[in-house]
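For reference, structure_18.txt is printed below; it contains compact mmCIF, C-alpha atoms and all ligand atoms.
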```
# COMPACT_ATOMS: atom_id res chain seq x y z
CA MET A 25 -22.27 -78.09 -12.57
CA SER A 26 -23.83 -77.64 -9.18
CA PHE A 27 -23.39 -75.15 -6.39
CA HIS A 28 -24.50 -76.25 -2.93
CA TYR A 29 -24.01 -75.12 0.59
CA HIS A 30 -24.59 -77.09 3.83
CA ASN A 31 -24.39 -75.98 7.42
CA LEU A 32 -23.08 -78.78 9.69
CA ARG A 33 -22.83 -76.39 12.62
CA SER A 34 -26.52 -76.22 13.56
CA GLY A 35 -28.46 -77.97 16.35
CA ALA A 36 -26.43 -80.18 18.72
CA ALA A 37 -23.16 -79.37 16.90
CA ALA A 38 -23.75 -75.64 17.47
CA ALA A 39 -24.47 -76.21 21.19
CA THR A 40 -21.25 -78.24 21.55
CA SER A 41 -19.24 -75.55 19.84
CA ASP A 42 -20.79 -72.86 22.10
CA ASP A 43 -19.74 -74.94 25.13
CA GLN A 44 -16.22 -75.35 23.73
CA PHE A 45 -16.04 -71.61 23.17
CA ALA A 46 -17.09 -70.78 26.77
CA GLN A 47 -14.72 -73.43 28.15
CA ALA A 48 -11.77 -72.06 26.14
CA VAL A 49 -12.45 -68.54 27.43
CA LEU A 50 -12.74 -69.71 31.04
CA GLU A 51 -9.48 -71.65 30.80
CA GLY A 52 -7.65 -68.87 28.97
CA LEU A 53 -8.66 -66.08 31.35
CA SER A 54 -7.86 -68.24 34.39
CA ARG A 55 -4.29 -68.87 33.20
CA LYS A 56 -1.39 -66.84 34.49
CA PRO A 57 -0.47 -65.06 32.28
CA LYS A 58 -3.84 -64.89 30.51
CA ARG A 59 -3.92 -66.38 27.04
CA LEU A 60 -6.80 -66.93 24.62
CA PRO A 61 -6.62 -69.10 21.46
CA SER A 62 -6.85 -67.21 18.16
CA TRP A 63 -9.70 -69.32 16.73
CA LEU A 64 -12.06 -67.42 19.05
CA ILE A 65 -11.65 -64.31 16.85
CA TYR A 66 -13.18 -65.87 13.73
CA ASP A 67 -16.88 -65.10 13.78
CA ASP A 68 -18.29 -63.70 10.50
CA ARG A 69 -16.95 -60.20 11.23
CA GLY A 70 -13.56 -61.57 12.38
CA SER A 71 -13.28 -63.46 9.08
CA GLU A 72 -14.08 -60.25 7.20
CA ILE A 73 -11.34 -58.33 9.01
CA PHE A 74 -8.92 -61.17 8.32
CA THR A 75 -9.77 -60.87 4.62
CA GLU A 76 -8.73 -57.18 4.88
CA ILE A 77 -5.41 -58.37 6.35
CA THR A 78 -4.79 -60.63 3.37
CA GLN A 79 -5.15 -57.58 1.11
CA LEU A 80 -2.43 -55.57 2.90
CA THR A 81 0.69 -55.31 0.76
CA GLY A 82 2.91 -55.66 3.84
CA TYR A 83 1.36 -58.96 5.00
CA HIS A 84 3.75 -61.24 3.12
CA PRO A 85 2.11 -64.65 3.86
CA ALA A 86 -0.90 -63.78 1.69
CA GLN A 87 1.09 -61.93 -1.00
CA CYS A 88 3.64 -64.74 -1.28
CA GLU A 89 0.96 -67.36 -1.63
CA PHE A 90 -0.70 -65.42 -4.48
CA GLU A 91 2.69 -65.30 -6.19
CA ILE A 92 3.23 -69.05 -5.67
CA PHE A 93 -0.19 -69.94 -7.08
CA GLN A 94 0.36 -67.80 -10.17
CA LYS A 95 3.80 -69.27 -10.72
CA TYR A 96 2.97 -72.93 -10.14
CA LYS A 97 -0.65 -73.34 -11.27
CA GLN A 98 0.47 -75.46 -14.23
CA ALA A 99 2.68 -77.64 -12.00
CA VAL A 100 -0.30 -78.30 -9.70
CA THR A 101 -2.47 -79.05 -12.74
CA ASP A 102 0.08 -81.58 -14.02
CA LEU A 103 0.01 -83.33 -10.67
CA LEU A 104 -3.78 -83.70 -10.64
CA ALA A 105 -4.89 -83.88 -14.27
CA LYS A 106 -4.49 -87.65 -14.82
CA ASN A 107 -7.43 -88.68 -12.64
CA ALA A 108 -10.77 -87.25 -11.53
CA PHE A 109 -10.12 -85.18 -8.43
CA ARG A 110 -11.65 -83.13 -5.66
CA VAL A 111 -10.10 -80.03 -4.08
CA ILE A 112 -11.02 -79.64 -0.42
CA GLU A 113 -10.05 -76.41 1.28
CA LEU A 114 -9.89 -76.17 5.08
CA GLY A 115 -10.56 -72.62 6.29
CA ALA A 116 -11.41 -71.35 2.81
CA GLY A 117 -12.34 -67.79 3.85
CA ASP A 118 -12.93 -65.73 0.69
CA GLY A 119 -11.22 -68.44 -1.45
CA LYS A 120 -9.40 -65.77 -3.52
CA LYS A 121 -6.04 -67.57 -3.78
CA THR A 122 -7.65 -70.88 -4.62
CA GLN A 123 -9.60 -69.27 -7.45
CA ILE A 124 -6.29 -68.85 -9.30
CA LEU A 125 -6.05 -72.65 -9.38
CA LEU A 126 -9.74 -73.22 -10.07
CA GLU A 127 -9.69 -70.86 -13.07
CA HIS A 128 -6.63 -72.60 -14.45
CA PHE A 129 -8.18 -76.06 -14.04
CA ILE A 130 -11.29 -74.81 -15.86
CA GLN A 131 -9.19 -73.32 -18.66
CA LYS A 132 -7.59 -76.74 -19.08
CA GLN A 133 -11.10 -78.24 -19.21
CA LEU A 134 -10.63 -80.49 -16.21
CA THR A 135 -13.75 -81.77 -14.46
CA PHE A 136 -13.51 -81.56 -10.70
CA GLU A 137 -15.29 -80.72 -7.47
CA TYR A 138 -14.33 -77.94 -5.06
CA VAL A 139 -15.32 -78.37 -1.40
CA PRO A 140 -14.56 -75.26 0.67
CA ILE A 141 -14.94 -75.77 4.43
CA ASP A 142 -15.01 -72.90 6.89
CA ILE A 143 -16.13 -72.39 10.45
CA SER A 144 -17.78 -69.10 9.42
CA GLU A 145 -21.21 -69.66 7.88
CA GLY A 146 -21.19 -66.15 6.35
CA ALA A 147 -17.84 -66.76 4.65
CA ILE A 148 -19.06 -70.02 3.07
CA GLN A 149 -22.37 -68.54 1.91
CA ASN A 150 -20.58 -65.60 0.26
CA LEU A 151 -17.96 -67.84 -1.33
CA VAL A 152 -20.47 -70.28 -2.87
CA ALA A 153 -22.56 -67.35 -4.19
CA ALA A 154 -19.45 -65.67 -5.67
CA LEU A 155 -18.32 -68.89 -7.36
CA GLU A 156 -21.79 -69.54 -8.75
CA SER A 157 -21.99 -66.12 -10.38
CA LYS A 158 -18.47 -66.42 -11.78
CA PHE A 159 -18.33 -70.06 -12.91
CA SER A 160 -21.90 -71.22 -13.50
CA GLN A 161 -21.19 -72.00 -17.18
CA ASN A 162 -18.22 -74.24 -16.40
CA THR A 163 -17.15 -77.77 -15.50
CA LEU A 164 -16.95 -77.08 -11.79
CA SER A 165 -19.12 -78.43 -8.96
CA VAL A 166 -19.00 -76.68 -5.59
CA THR A 167 -20.14 -78.05 -2.23
CA GLY A 168 -19.56 -75.51 0.53
CA LEU A 169 -19.59 -76.74 4.13
CA ALA A 170 -19.92 -74.51 7.19
CA ALA A 171 -18.25 -76.92 9.61
CA ASP A 172 -15.33 -77.65 11.88
CA TYR A 173 -12.56 -79.08 9.71
CA PHE A 174 -12.82 -82.70 10.77
CA ASP A 175 -16.63 -82.79 10.77
CA GLY A 176 -16.38 -81.58 7.17
CA LEU A 177 -13.79 -84.22 6.28
CA ARG A 178 -15.88 -86.99 7.84
CA GLU A 179 -18.75 -85.94 5.60
CA ILE A 180 -16.50 -86.07 2.53
CA LYS A 181 -14.91 -89.41 3.37
CA ARG A 182 -18.15 -91.13 2.47
CA HIS A 183 -17.40 -90.42 -1.21
CA ARG A 184 -14.19 -92.29 -1.92
CA ASN A 185 -14.28 -92.42 -5.69
CA VAL A 186 -11.76 -89.69 -6.54
CA ARG A 187 -8.33 -88.47 -5.55
CA ASN A 188 -8.49 -85.68 -2.97
CA MET A 189 -6.23 -82.69 -2.65
CA VAL A 190 -6.67 -80.93 0.69
CA LEU A 191 -5.55 -77.30 0.83
CA PHE A 192 -4.64 -75.83 4.20
CA LEU A 193 -3.27 -72.46 3.19
CA GLY A 194 -2.20 -69.10 4.57
CA SER A 195 0.06 -70.55 7.31
CA THR A 196 -2.97 -71.30 9.48
CA ILE A 197 -0.97 -74.33 10.65
CA GLY A 198 1.42 -71.82 12.27
CA ASN A 199 -1.37 -70.78 14.64
CA MET A 200 -1.05 -74.21 16.29
CA GLU A 201 1.66 -75.13 18.78
CA LEU A 202 4.01 -77.77 17.29
CA PRO A 203 2.48 -80.82 19.05
CA ALA A 204 -1.00 -79.68 17.99
CA ALA A 205 0.22 -79.19 14.40
CA GLU A 206 1.59 -82.73 14.43
CA GLN A 207 -1.66 -84.09 15.82
CA PHE A 208 -3.56 -82.12 13.19
CA VAL A 209 -1.66 -83.54 10.20
CA ARG A 210 -1.92 -87.07 11.62
CA THR A 211 -5.69 -86.75 12.05
CA LEU A 212 -5.89 -85.27 8.57
CA ARG A 213 -4.00 -88.29 7.24
CA GLU A 214 -6.54 -90.62 8.85
CA SER A 215 -9.35 -88.80 7.01
CA LEU A 216 -7.71 -89.42 3.63
CA ASN A 217 -6.84 -92.30 1.34
CA GLU A 218 -3.45 -93.52 0.22
CA GLY A 219 -2.31 -91.43 -2.75
CA ASP A 220 -4.33 -88.34 -1.79
CA TYR A 221 -2.45 -85.05 -1.62
CA VAL A 222 -2.32 -82.22 0.88
CA MET A 223 -0.93 -78.76 0.19
CA ILE A 224 -0.01 -76.85 3.33
CA GLY A 225 1.11 -73.21 3.49
CA PHE A 226 3.96 -72.54 5.93
CA ASP A 227 5.40 -69.13 6.73
CA LEU A 228 9.18 -69.55 6.93
CA MET A 229 11.61 -68.16 9.50
CA LYS A 230 13.19 -64.93 8.29
CA HIS A 231 14.66 -61.69 9.65
CA PRO A 232 12.76 -60.83 12.85
CA LYS A 233 12.45 -57.21 11.69
CA THR A 234 10.63 -58.39 8.56
CA LEU A 235 8.30 -60.41 10.76
CA ASP A 236 7.62 -57.58 13.20
CA ALA A 237 6.87 -55.21 10.30
CA ALA A 238 4.51 -57.73 8.69
CA TYR A 239 2.46 -58.08 11.90
CA ASN A 240 2.28 -54.39 12.87
CA ASP A 241 0.68 -52.54 9.96
CA ALA A 242 0.52 -48.73 10.05
CA SER A 243 -3.19 -48.73 9.18
CA GLY A 244 -4.06 -50.62 12.37
CA VAL A 245 -5.93 -53.55 10.80
CA PHE A 246 -4.09 -56.13 12.96
CA GLU A 247 -5.03 -54.21 16.06
CA ARG A 248 -8.66 -54.05 14.93
CA PHE A 249 -8.55 -57.79 14.20
CA ASN A 250 -7.19 -58.74 17.62
CA LEU A 251 -9.40 -56.32 19.54
CA HIS A 252 -12.40 -57.74 17.69
CA LEU A 253 -11.95 -60.70 20.03
CA LEU A 254 -13.35 -58.50 22.82
CA ASP A 255 -16.47 -57.77 20.72
CA VAL A 256 -16.91 -61.51 20.19
CA LEU A 257 -16.67 -62.15 23.95
CA ASN A 258 -19.17 -59.36 24.66
CA ARG A 259 -21.63 -60.71 22.09
CA LYS A 260 -21.31 -64.46 22.67
CA LEU A 261 -20.80 -64.56 26.43
CA GLY A 262 -22.38 -61.32 27.63
CA ALA A 263 -19.03 -59.86 28.73
CA ASN A 264 -18.55 -56.13 29.35
CA PHE A 265 -15.10 -55.46 27.86
CA VAL A 266 -14.61 -51.79 26.89
CA LYS A 267 -12.52 -52.11 23.74
CA GLU A 268 -11.11 -48.59 24.01
CA HIS A 269 -9.33 -49.63 27.22
CA TYR A 270 -7.05 -52.09 25.40
CA VAL A 271 -4.30 -51.87 22.77
CA GLN A 272 -2.53 -54.53 20.75
CA GLN A 273 1.05 -55.33 19.70
CA GLY A 274 2.65 -58.25 17.83
CA GLN A 275 6.30 -59.28 18.10
CA TYR A 276 8.62 -62.13 17.13
CA GLN A 277 9.56 -64.21 20.18
CA PRO A 278 12.81 -66.24 19.73
CA ARG A 279 11.98 -68.61 22.62
CA THR A 280 8.88 -69.92 20.83
CA HIS A 281 9.91 -69.25 17.19
CA ALA A 282 6.59 -67.48 16.74
CA VAL A 283 5.15 -64.03 16.22
CA GLU A 284 3.05 -63.57 19.32
CA SER A 285 0.25 -61.05 19.53
CA TYR A 286 -0.82 -59.49 22.80
CA ILE A 287 -3.70 -57.33 23.96
CA TYR A 288 -2.61 -54.93 26.75
CA SER A 289 -5.03 -53.54 29.31
CA THR A 290 -4.21 -49.81 29.50
CA ARG A 291 -5.54 -49.55 33.07
CA GLU A 292 -6.56 -51.59 36.07
CA GLN A 293 -10.03 -52.93 35.34
CA VAL A 294 -12.53 -55.65 36.15
CA VAL A 295 -14.57 -57.46 33.52
CA PHE A 296 -17.72 -59.44 34.21
CA ILE A 297 -18.67 -62.34 31.94
CA LYS A 298 -22.32 -63.23 32.36
CA ALA A 299 -22.23 -66.68 30.73
CA LEU A 300 -19.38 -67.73 33.05
CA GLU A 301 -20.82 -65.89 36.08
CA ARG A 302 -17.30 -64.70 36.82
CA GLU A 303 -15.29 -61.51 37.18
CA PHE A 304 -11.76 -61.23 35.80
CA CYS A 305 -9.27 -58.59 36.93
CA PHE A 306 -6.75 -56.95 34.62
CA GLY A 307 -3.79 -55.01 36.02
CA ALA A 308 -2.53 -51.82 34.35
CA TRP A 309 -0.54 -52.89 31.23
CA GLU A 310 -1.22 -56.55 31.88
CA ALA A 311 -0.68 -58.49 28.63
CA MET A 312 -2.98 -61.23 27.37
CA GLN A 313 -1.73 -63.35 24.45
CA THR A 314 -4.23 -63.69 21.60
CA GLU A 315 -2.17 -65.15 18.75
CA HIS A 316 0.74 -67.50 18.14
CA SER A 317 2.13 -67.67 14.61
CA TYR A 318 4.95 -70.20 14.38
CA LYS A 319 7.69 -69.65 11.78
CA TYR A 320 8.96 -72.91 10.27
CA THR A 321 12.28 -73.98 8.75
CA GLN A 322 12.31 -76.31 5.75
CA PRO A 323 13.84 -79.25 7.71
CA GLU A 324 11.10 -78.92 10.35
CA ILE A 325 8.46 -79.16 7.61
CA GLU A 326 10.09 -82.28 6.16
CA VAL A 327 10.31 -83.99 9.55
CA LEU A 328 6.67 -83.14 10.23
CA ALA A 329 5.59 -84.72 6.93
CA GLU A 330 7.69 -87.88 7.23
CA LYS A 331 6.79 -88.69 10.83
CA SER A 332 3.08 -88.14 10.21
CA GLY A 333 2.64 -90.59 7.31
CA TYR A 334 3.31 -88.45 4.23
CA ARG A 335 5.90 -88.26 1.45
CA VAL A 336 7.01 -84.76 0.45
CA VAL A 337 6.23 -84.35 -3.26
CA THR A 338 7.51 -80.82 -3.74
CA HIS A 339 8.01 -77.44 -2.08
CA LEU A 340 6.69 -74.39 -3.93
CA PHE A 341 8.51 -71.22 -2.82
CA ASP A 342 8.00 -67.52 -3.56
CA ALA A 343 10.95 -65.58 -5.01
CA HIS A 344 12.20 -64.43 -1.56
CA HIS A 345 11.80 -67.86 0.08
CA TYR A 346 9.60 -66.18 2.70
CA PHE A 347 6.85 -68.77 2.37
CA VAL A 348 6.32 -72.29 1.07
CA ASP A 349 3.32 -74.26 -0.10
CA SER A 350 4.44 -77.79 0.54
CA ILE A 351 2.71 -80.67 -1.29
CA TRP A 352 2.66 -84.06 0.41
CA GLU A 353 1.27 -87.43 -0.64
CA VAL A 354 -0.48 -89.72 1.84
CA ARG A 355 1.72 -92.82 2.28
CA LYS A 356 0.43 -96.32 2.84
CA LEU A 357 0.33 -97.18 6.53
CA ARG A 358 2.95 -99.87 7.29
CA ASN A 359 0.61 -102.11 9.30
CA LYS A 360 -2.09 -102.17 6.58
C1 LIG B 1 -4.70 -66.82 10.12
N1 LIG B 1 -3.29 -66.74 10.45
C2 LIG B 1 -2.50 -67.60 9.59
C3 LIG B 1 -2.73 -65.38 10.53
C4 LIG B 1 -1.23 -65.43 10.91
O1 LIG B 1 -0.44 -64.84 10.18
O2 LIG B 1 -0.90 -66.07 11.89
C5 LIG B 1 -3.51 -64.55 11.51
C6 LIG B 1 -3.01 -63.15 11.60
N2 LIG B 1 -2.97 -62.43 12.67
C7 LIG B 1 -2.47 -61.25 12.42
N3 LIG B 1 -2.22 -61.18 11.17
C8 LIG B 1 -2.53 -62.36 10.62
```
Please render this file's structure as structure tokens.
Amino acid sequence: MSFHYHNLRSGAAAATSDDQFAQAVLEGLSRKPKRLPSWLIYDDRGSEIFTEITQLTGYHPAQCEFEIFQKYKQAVTDLLAKNAFRVIELGAGDGKKTQILLEHFIQKQLTFEYVPIDISEGAIQNLVAALESKFSQNTLSVTGLAADYFDGLREIKRHRNVRNMVLFLGSTIGNMELPAAEQFVRTLRESLNEGDYVMIGFDLMKHPKTLDAAYNDASGVFERFNLHLLDVLNRKLGANFVKEHYVQQGQYQPRTHAVESYIYSTREQVVFIKALEREFCFGAWEAMQTEHSYKYTQPEIEVLAEKSGYRVVTHLFDAHHYFVDSIWEVRKLRNK
């Protein structure tokens, strides 16, 4: 039993990620129409607000995934139990869903390692501390990494002795455009060994009214989450956004097969961003896109797996077929 935590985002890595952040903001605010990528929202506070979202009863992606984990924890155990294994989670957040699996593995007296990776240092620190207080008497080792996903995976690749199962849950893959999602699963494949597994959570296409309701909660948490982006820009780049002068709305967009979230400027205004030494003008009711949440069909998921070097092992659905956790096995590369 051991519980460790490492920060791979300090020093030069932190400087590079600050540069990437500033560059992404400059590009996004210079586009017409303006559009910022959603990963900018996830500082420690952004991750906390997202955790609140996952607790909303109307946000089906999180609720469905809890249901799936409860229903299929034995099936996942059967898949892994034969050999020593390691569970790596990309974007672990508060790790609540995964704990359903971890507890079950422990109950079955399996010995394994859990490696949660998250970009938010606060989230990883809290998670490792929570796991230590809950499971310190058990057969579990935890190595938390505050890192970008692929930096974390590079670190892990050095230890090749066990079968890996990589979890990429919560439909985070839906926040990537399709070509980026394809690139992501290919790069992930290169970080793994033949026979390793990945489990990816996909939110499935469904009635657009269900989607619009899921992304526009009455309590305003989604709005708070999206507008938090402006706080992040003020803090990290010395911008002077006045949050009260913006509102947010999410809606399903049939052209892109995604729920898109927009921040609207309620008036004409100019924002100065010190770190970029630039002013940016917003017209009255100008919309800036802040999120893209692609909704998959099952055939699209299967094509994505097959063309990226995986074999689909199984699809785990919730009762409504709103969501799927799809388990894939890394295939041998043909030219090896
Ligand atoms: C993190 N990601 C999968 C969420 C989603 O559903 O696209 C982010 C989110 N934004 C608003 N609600 C949830």
**OP:** All residues within 8 Å of ligand LIG 1 (chain B) are required, counting all atoms listed in the file; please report them as JSON, numbers by chain.
**Re:** {"A": [62, 74, 77, 78, 83, 85, 194, 195, 196, 197, 198, 199, 238, 239, 246, 249, 250, 283, 285, 315, 316, 317, 318]}
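Nearest to Asn107 of chain A of all the residues A:Leu155, A:Val256, A:Val186, A:Ala171 is A:Val186, based on all atoms listed in the file.
Here the question is which of A:Leu228, A:Val100, A:Ala46, A:Val166 gets nearest to Gly262 of chain A using all atoms listed in the file, and that residue is A:Ala46.
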Contacts of segment 48-58 of chain A at 7 Å (only C-alpha atoms; same-chain gap of 4+ positions) as a tab-separated table (two decimals) with C-alpha atoms, keeping the file's coordinate frame:
```tsv
chain	number	residue	atom	x	y	z
A	44	GLN	CA	-16.22	-75.35	23.73
A	312	MET	CA	-2.98	-61.23	27.37
A	313	GLN	CA	-1.73	-63.35	24.45
```
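Each of A:Ala147, A:Val271, A:Leu253, A:Ile180 was compared to Asn217 of chain A using all atoms listed in the file, and A:Ile180 turns out to be the nearest.
Candidate residues A:Gly115, A:Pro203, A:Gly307, A:Pro232 were compared for distance to Gly176 of chain A, and the nearest is A:Gly115, using only C-alpha atoms.
Candidate residues A:Glu218, A:Arg59, A:Phe45, A:Gly168 were compared for distance to Glu310 of chain A, and the nearest is A:Arg59, using all atoms listed in the file.
Coordinates place atom CA of Ser157 of chain A at a distance of 27.5 Å from atom CA of Thr81 of chain A.
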**OP:** Excluding Leu202 of chain A and residues on its chain fewer than 4 positions from it, collect all residues at most 12 Å away from it, counting all atoms listed in the file, and give them as a VMD selection string.
**Re:** chain A and resid 197 to 198 206 to 209 280 to 282 316 to 320 324 to 325 327 to 328
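Among the candidates A:Thr314, A:Arg355, A:Asn188, A:Asn264, the residue lying nearest to Glu284 of chain A is A:Thr314 (atoms considered: only C-alpha atoms).
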Original post:
How many Å lie between atom CA of Arg335 of chain A and atom CA of Lys230 of chain A, rounded to one decimal?
Top reply: 25.4 Å
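Of note, atom CA of Leu251 of chain A and atom CA of Ile65 of chain A are spaced 8.7 Å apart.
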**OP:** Write out as JSON, numbers by chain which residues come within 9 Å of segment 27-35 of chain A when counting all atoms listed in the file, dropping same-chain ones fewer than 6 positions away.
**Re:** {"A": [41, 143, 145, 148, 149, 152, 153, 155, 156, 160, 164, 165, 166, 167, 168, 169, 170, 171, 172, 175, 176]}
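The neighbours of Cys305 of chain A here are the residues that come within 7 Å of it, using all atoms listed in the file and leaving out any residue fewer than 6 positions away in the same chain; they are Gln293, Val294 and Val295 of chain A.
The residue set within 12 Å of Glu268 of chain A, counting all atoms listed in the file and dropping same-chain residues fewer than 4 places from it, reads A:Glu247, A:Arg248, A:Leu251, A:His252, A:Leu254, A:Asp255, A:Asn264, A:Gln272, A:Ile287, A:Tyr288, A:Ser289, A:Thr290, A:Arg291.
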